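Novice: The structure that follows is given in the form of structure tokens.
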Number of protein chains: 2
Amino acid sequence: MTKSNISIKELASILGFSITTVSRVLNGKAEQYRIKKETESKIQETAKRLNYTPNQFARSLKLDKSETIGVIVPDISNPFFAEIFKNIERGLKQHGYAVFVGDSNDNTELEIDLIKHFVARKVDGLVIAPVGISSTHLSQVFKTGIPLVSIDRSFKNVDFPAVTSNNFDSAKEATIELLKNGHRNIALIQGLNQSQPNTDRVNGFIQAMKEWDIHPDKYSIVGEGFSIENGFYQTDRLLNSANPPTAIFALSNLIALGALKAISQNGQTIPNDISLLTFDEQAYSAFLNTPMTTIEQNKVEMGNMAVKLLIDQICGRKPKIGSIVQIHSKMHLRESIKKIN
Amino acid sequence: MTKSNISIKELASILGFSITTVSRVLNGKAEQYRIKKETESKIQETAKRLNYTPNQFARSLKLDKSETIGVIVPDISNPFFAEIFKNIERGLKQHGYAVFVGDSNDNTELEIDLIKHFVARKVDGLVIAPVGISSTHLSQVFKTGIPLVSIDRSFKNVDFPAVTSNNFDSAKEATIELLKNGHRNIALIQGLNQSQPNTDRVNGFIQAMKEWDIHPDKYSIVGEGFSIENGFYQTDRLLNSANPPTAIFALSNLIALGALKAISQNGQTIPNDISLLTFDEQAYSAFLNTPMTTIEQNKVEMGNMAVKLLIDQICGRKPKIGSIVQIHSKMHLRESIKKIN
DNA sequence: TGAATATGCACAAACGTTTGTGCAAATATA
DNA sequence: TATATTTGCACAAACGTTTGTGCATATTCA
């Protein structure tokens, strides 16, 4: 382990060279500054032997960069974000960055706070899975020149890049799966209204219904958040309504968990009494009471792409304005959809 | 958002005071250095108005502390660690720390690498959920004076504090639950052999069996890792053995998921064909095909305690040597245990 | 009124780097 | 041999803070 924290000054005096020369060698600029091969290797070797590591603060202070990235997610205990984060962290580590993480707890104020905190610590870039539907605070920080990529959600008329799933297409495809199984009275339980992934998913759903000539009176779109609570509450209402749906389409894993709770509390079973389909594959999806049909977002690809988009910016490759990368999702057909009629 | 990044020098020259005075006021040392109230408020006000934030690097360089903590977990996408982490992050944020996170991916080499990385960045402390069974690298870094707390796992003969669950007691209690339901031929699928939580849980299990006078020939202890794969493989073997158990006790949520997979692939159901009991409560535990009886570790308390133990060290309160704090777990009795005979 | 003390602030060094520039010594060129 | 060029390295400033110390001026005390 790094013990004594020797400074470049001591190292230089031990070697008998100037601080300048040592610094240059250690930063790979030996050739550029015409330093003798022999000198170079001597410095390299003693530096390693004495376990020299440069003081990051001094470096950062001088170079005005921290080799640090800030990542902000709404809820790190949500496996969806945790897995994306895992891939982001891995990618950034490979590029030599250390990563700060902040949990905004689904709260825009906290998100803004965290951004300020990270900016104050001069992160070289930010990856944010934004909470709300507003993007002004993101645009602001991006305009100050800090590389930024938004993940999971994108925004219109905005300069920074984003990586999302192909929400429209996969929601449409999933809806068609329900339609093919004979469902018409379908309830969609949505997440945060007006957020981009929600809007895209809802639109994909509507488009599918339109293409199958299902009149909007036939189906319903309810809910207002990606949470368990929303899933529970809305499902409970739907089941006890005058005209309960034959299938529920949940727009997140948490909504689905809430739905499961409500369905079981109402003494119903899947898929006999009601069919269920949800966004977000999880390790447990196949093992639920009735294995769940899910839409799996490619979290590995999303993480990798976020890293790429960020590094591109840091290296000076400006993002194309409004560039949104869509990662393809994949359906897992299981037994939670009943074939009717 | 922090725009112009004004320095203390500029701030001072705008105010007409010296850098010294400005610094002292902004660090709350106005009184100590007898600075006029009027001067103080004038400085405070303009600092706020101009949105001054001190350069962290310069501060850290001068003060030789980073106001940063490094947290290392084996797998952030495992909800168990993610939730603990969430609480740690929240606590540290409240104390003004930014937190680096590293995912060691269940790999000791990577864990050591991350530690070095964080040490090089002069974190003020480390919270580590250690991977392996060795603690020498932890002791080493602790001896260099870096505050450290181990979480989820503890070690013997070691100077740094740890927070774990009351693994022995809760494993014993859970085992007794199985015994009370008439099970005798019980298989324990363990996690990482020789790791402390595993050992404690296994010992709790054995102790229960002993108190109920069950001969070791009657039950079996198998497995060698907290992973899904281990859970799957061992369960599959057990189910197809000459004398399959009537109940399986899984020592982690991942082992349980693997067990679920094997049980379903073997065409068996819980609890009719086999009973299952597992460590780690998850949001989905109640919604599995047969709601699962689980032992819930108190992740909130574990996180909070880790923060407390770390801050204590940072503030100079030396930990009592070998201090291990055990957080109490709680059983959730559900339907995955069949009453036999 | 003169000395002692209190008040209010500034000088300058130090933290550990990076880097533009300058200057000898060594070598090449004419 | 004298000059030009190349080679090899060092000086010193700068990054933005914190802090020990010192020094005027103002106030109190005898």
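Going through the structure tokens in order, the chains are called A, B, and so on, while each chain numbers its residues from 1 and the ligands are numbered from 1 in the order shown.
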Specify as a ChimeraX atom specification all residues of chain C found within 12 Å of chain A, counting only C-alpha atoms (C1' of nucleotides).
Specialist: /C:15-20
Novice: Residues near stretch 3-9 of chain C, anyone? I mean within 9 Å using only C-alpha atoms (C1' of nucleotides), not counting same-chain ones fewer than 3 positions away, as a list of chain:residue names.
Specialist: B:Phe17, B:Ser18, B:Thr20, B:Thr21, B:Tyr33, B:Arg34, B:Ile35, B:Lys36, D:DT25, D:DA26, D:DT27, D:DT28, D:DC29, D:DA30
Novice: From a DSSP calculation on the backbone, collect every residue of stretch 46-89 of chain B in helix (DSSP H, G or I) and output the set as a ChimeraX atom specification.
Specialist: /B:46-49,56-63,79-89
Novice: I need the chain B residues near chain A as an mmCIF file with C-alpha atoms, in the first residue's frame; criterion: at most 7 Å, counting only C-alpha atoms.
Specialist:
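After the write, out-v4.cif holds the following:
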data_model
loop_
_atom_site.group_PDB
_atom_site.id
_atom_site.type_symbol
_atom_site.label_atom_id
_atom_site.label_comp_id
_atom_site.auth_asym_id
_atom_site.auth_seq_id
_atom_site.Cartn_x
_atom_site.Cartn_y
_atom_site.Cartn_z
ATOM 1 C CA MET B 1 -25.123 26.986 -11.409
ATOM 2 C CA THR B 2 -21.607 27.959 -10.452
ATOM 3 C CA LYS B 3 -20.562 30.038 -13.396
ATOM 4 C CA THR B 53 -16.926 28.551 -4.046
ATOM 5 C CA GLN B 56 -11.338 22.241 -3.539
ATOM 6 C CA PHE B 57 -7.945 21.298 -4.894
ATOM 7 C CA ALA B 58 -6.204 24.243 -3.393
ATOM 8 C CA SER B 60 -7.165 19.938 -0.138
ATOM 9 C CA LEU B 61 -3.597 20.566 -1.118
ATOM 10 C CA ILE B 76 -23.413 -2.635 -6.676
ATOM 11 C CA SER B 77 -26.080 -4.316 -8.798
ATOM 12 C CA PRO B 79 -29.694 -4.896 -4.189
ATOM 13 C CA ALA B 82 -26.982 -1.174 -3.275
ATOM 14 C CA GLU B 83 -29.313 -0.493 -0.392
ATOM 15 C CA LYS B 86 -27.636 4.160 -0.493
ATOM 16 C CA ALA B 98 -18.426 13.401 -1.501
ATOM 17 C CA VAL B 99 -18.249 9.697 -2.060
ATOM 18 C CA PHE B 100 -16.234 7.746 -4.552
ATOM 19 C CA VAL B 101 -17.629 4.338 -5.241
ATOM 20 C CA LYS B 116 -4.783 2.094 -3.973
ATOM 21 C CA ALA B 120 -3.803 8.003 -4.101
ATOM 22 C CA ARG B 121 -6.713 10.383 -4.214
ATOM 23 C CA GLN B 140 -2.140 -2.408 5.865
ATOM 24 C CA VAL B 141 -4.078 0.572 4.679
ATOM 25 C CA THR B 144 -1.098 3.979 7.365
ATOM 26 C CA LEU B 257 -32.573 -17.216 -6.955
ATOM 27 C CA LEU B 260 -35.535 -21.248 -7.489
ATOM 28 C CA TYR B 284 -39.898 -9.123 -4.675
ATOM 29 C CA PHE B 287 -44.313 -11.955 -4.817
ATOM 30 C CA LEU B 288 -42.372 -15.000 -5.783
ATOM 31 C CA ASN B 289 -44.047 -18.173 -6.789
ATOM 32 C CA THR B 290 -44.756 -19.020 -3.202
#
Novice: Could you give me the residues within stretch 135-193 of chain A that DSSP places in strand (DSSP E), as a list in words?
Specialist: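 So, restricting stretch 135-193 of chain A to strand (DSSP E), we get Leu148, Val149, Ser150, Ile151, Ala162, Val163, Thr164, Ser165, Ile186, Ala187, Leu188 and Ile189 of chain A.
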Novice: Please provide the set of residues having any atom within 12 Å of D:DG22, restricted to only C-alpha atoms (C1' of nucleotides), with same-chain residues fewer than 4 positions apart removed, written as a short mmCIF file (atom, residue, chain, number, x, y, z; two decimals) with N, CA and C atoms (P, O5', C5', C4', C3', O3' and C1' of nucleotides), in the first residue's frame.
Specialist:
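Output below, filename selection-v1.cif:
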data_model
loop_
_atom_site.label_atom_id
_atom_site.label_comp_id
_atom_site.auth_asym_id
_atom_site.auth_seq_id
_atom_site.Cartn_x
_atom_site.Cartn_y
_atom_site.Cartn_z
P DC C 9 -11.29 44.95 9.87
"O5'" DC C 9 -9.99 44.39 9.16
"C5'" DC C 9 -9.20 45.33 8.44
"C4'" DC C 9 -7.77 44.87 8.43
"C3'" DC C 9 -7.43 43.85 7.34
"O3'" DC C 9 -7.02 44.58 6.19
"C1'" DC C 9 -6.16 43.59 9.35
P DA C 10 -6.85 43.87 4.81
"O5'" DA C 10 -5.27 43.68 4.77
"C5'" DA C 10 -4.42 44.79 5.04
"C4'" DA C 10 -2.96 44.37 5.02
"C3'" DA C 10 -2.54 43.53 3.82
"O3'" DA C 10 -1.24 43.97 3.42
"C1'" DA C 10 -2.15 42.30 5.81
P DC C 11 -0.63 43.53 2.03
"O5'" DC C 11 0.81 42.95 2.45
"C5'" DC C 11 1.09 42.77 3.82
"C4'" DC C 11 2.50 42.25 4.02
"C3'" DC C 11 3.16 41.58 2.83
"O3'" DC C 11 4.56 41.57 3.04
"C1'" DC C 11 2.53 39.94 4.42
P DA C 12 5.52 41.04 1.86
"O5'" DA C 12 5.62 39.48 2.17
"C5'" DA C 12 6.06 39.06 3.47
"C4'" DA C 12 6.06 37.55 3.54
"C3'" DA C 12 6.50 36.83 2.26
"O3'" DA C 12 7.18 35.67 2.67
"C1'" DA C 12 4.37 36.10 2.83
#
Novice: May I ask you to extract the residues of chain D within 10 Å of chain B, using only C-alpha atoms (C1' of nucleotides), and to give them as a PyMOL selection string?
Specialist: chain D and resi 15-19
Novice: Keeping only C-alpha atoms (C1' of nucleotides), write the selected residues to a file as a PDB file, in the first residue's frame.
Specialist:
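Generated file (out.pdb):
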ATOM      1  C1'  DC D  15      -2.438  27.195  -9.793  1.00  0.00           C
ATOM      2  C1'  DG D  16      -5.842  28.892  -5.189  1.00  0.00           C
ATOM      3  C1'  DT D  17      -5.855  28.136  -0.768  1.00  0.00           C
ATOM      4  C1'  DT D  18      -4.620  28.475   4.683  1.00  0.00           C
ATOM      5  C1'  DT D  19      -2.186  30.361   8.574  1.00  0.00           C
TER       6       DT D  19
END
Novice: I'd like the contact shell of stretch 208-212 of chain B - 8 Å cut-off, only C-alpha atoms (C1' of nucleotides), skipping same-chain residues fewer than 3 positions apart - returned as a list in words.
Specialist: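 With the cut-off at 8 Å, the set is Lys172, Glu173, Thr175, Ile176, Leu179, Gly204, Phe205, His215 and Pro216 of chain B.
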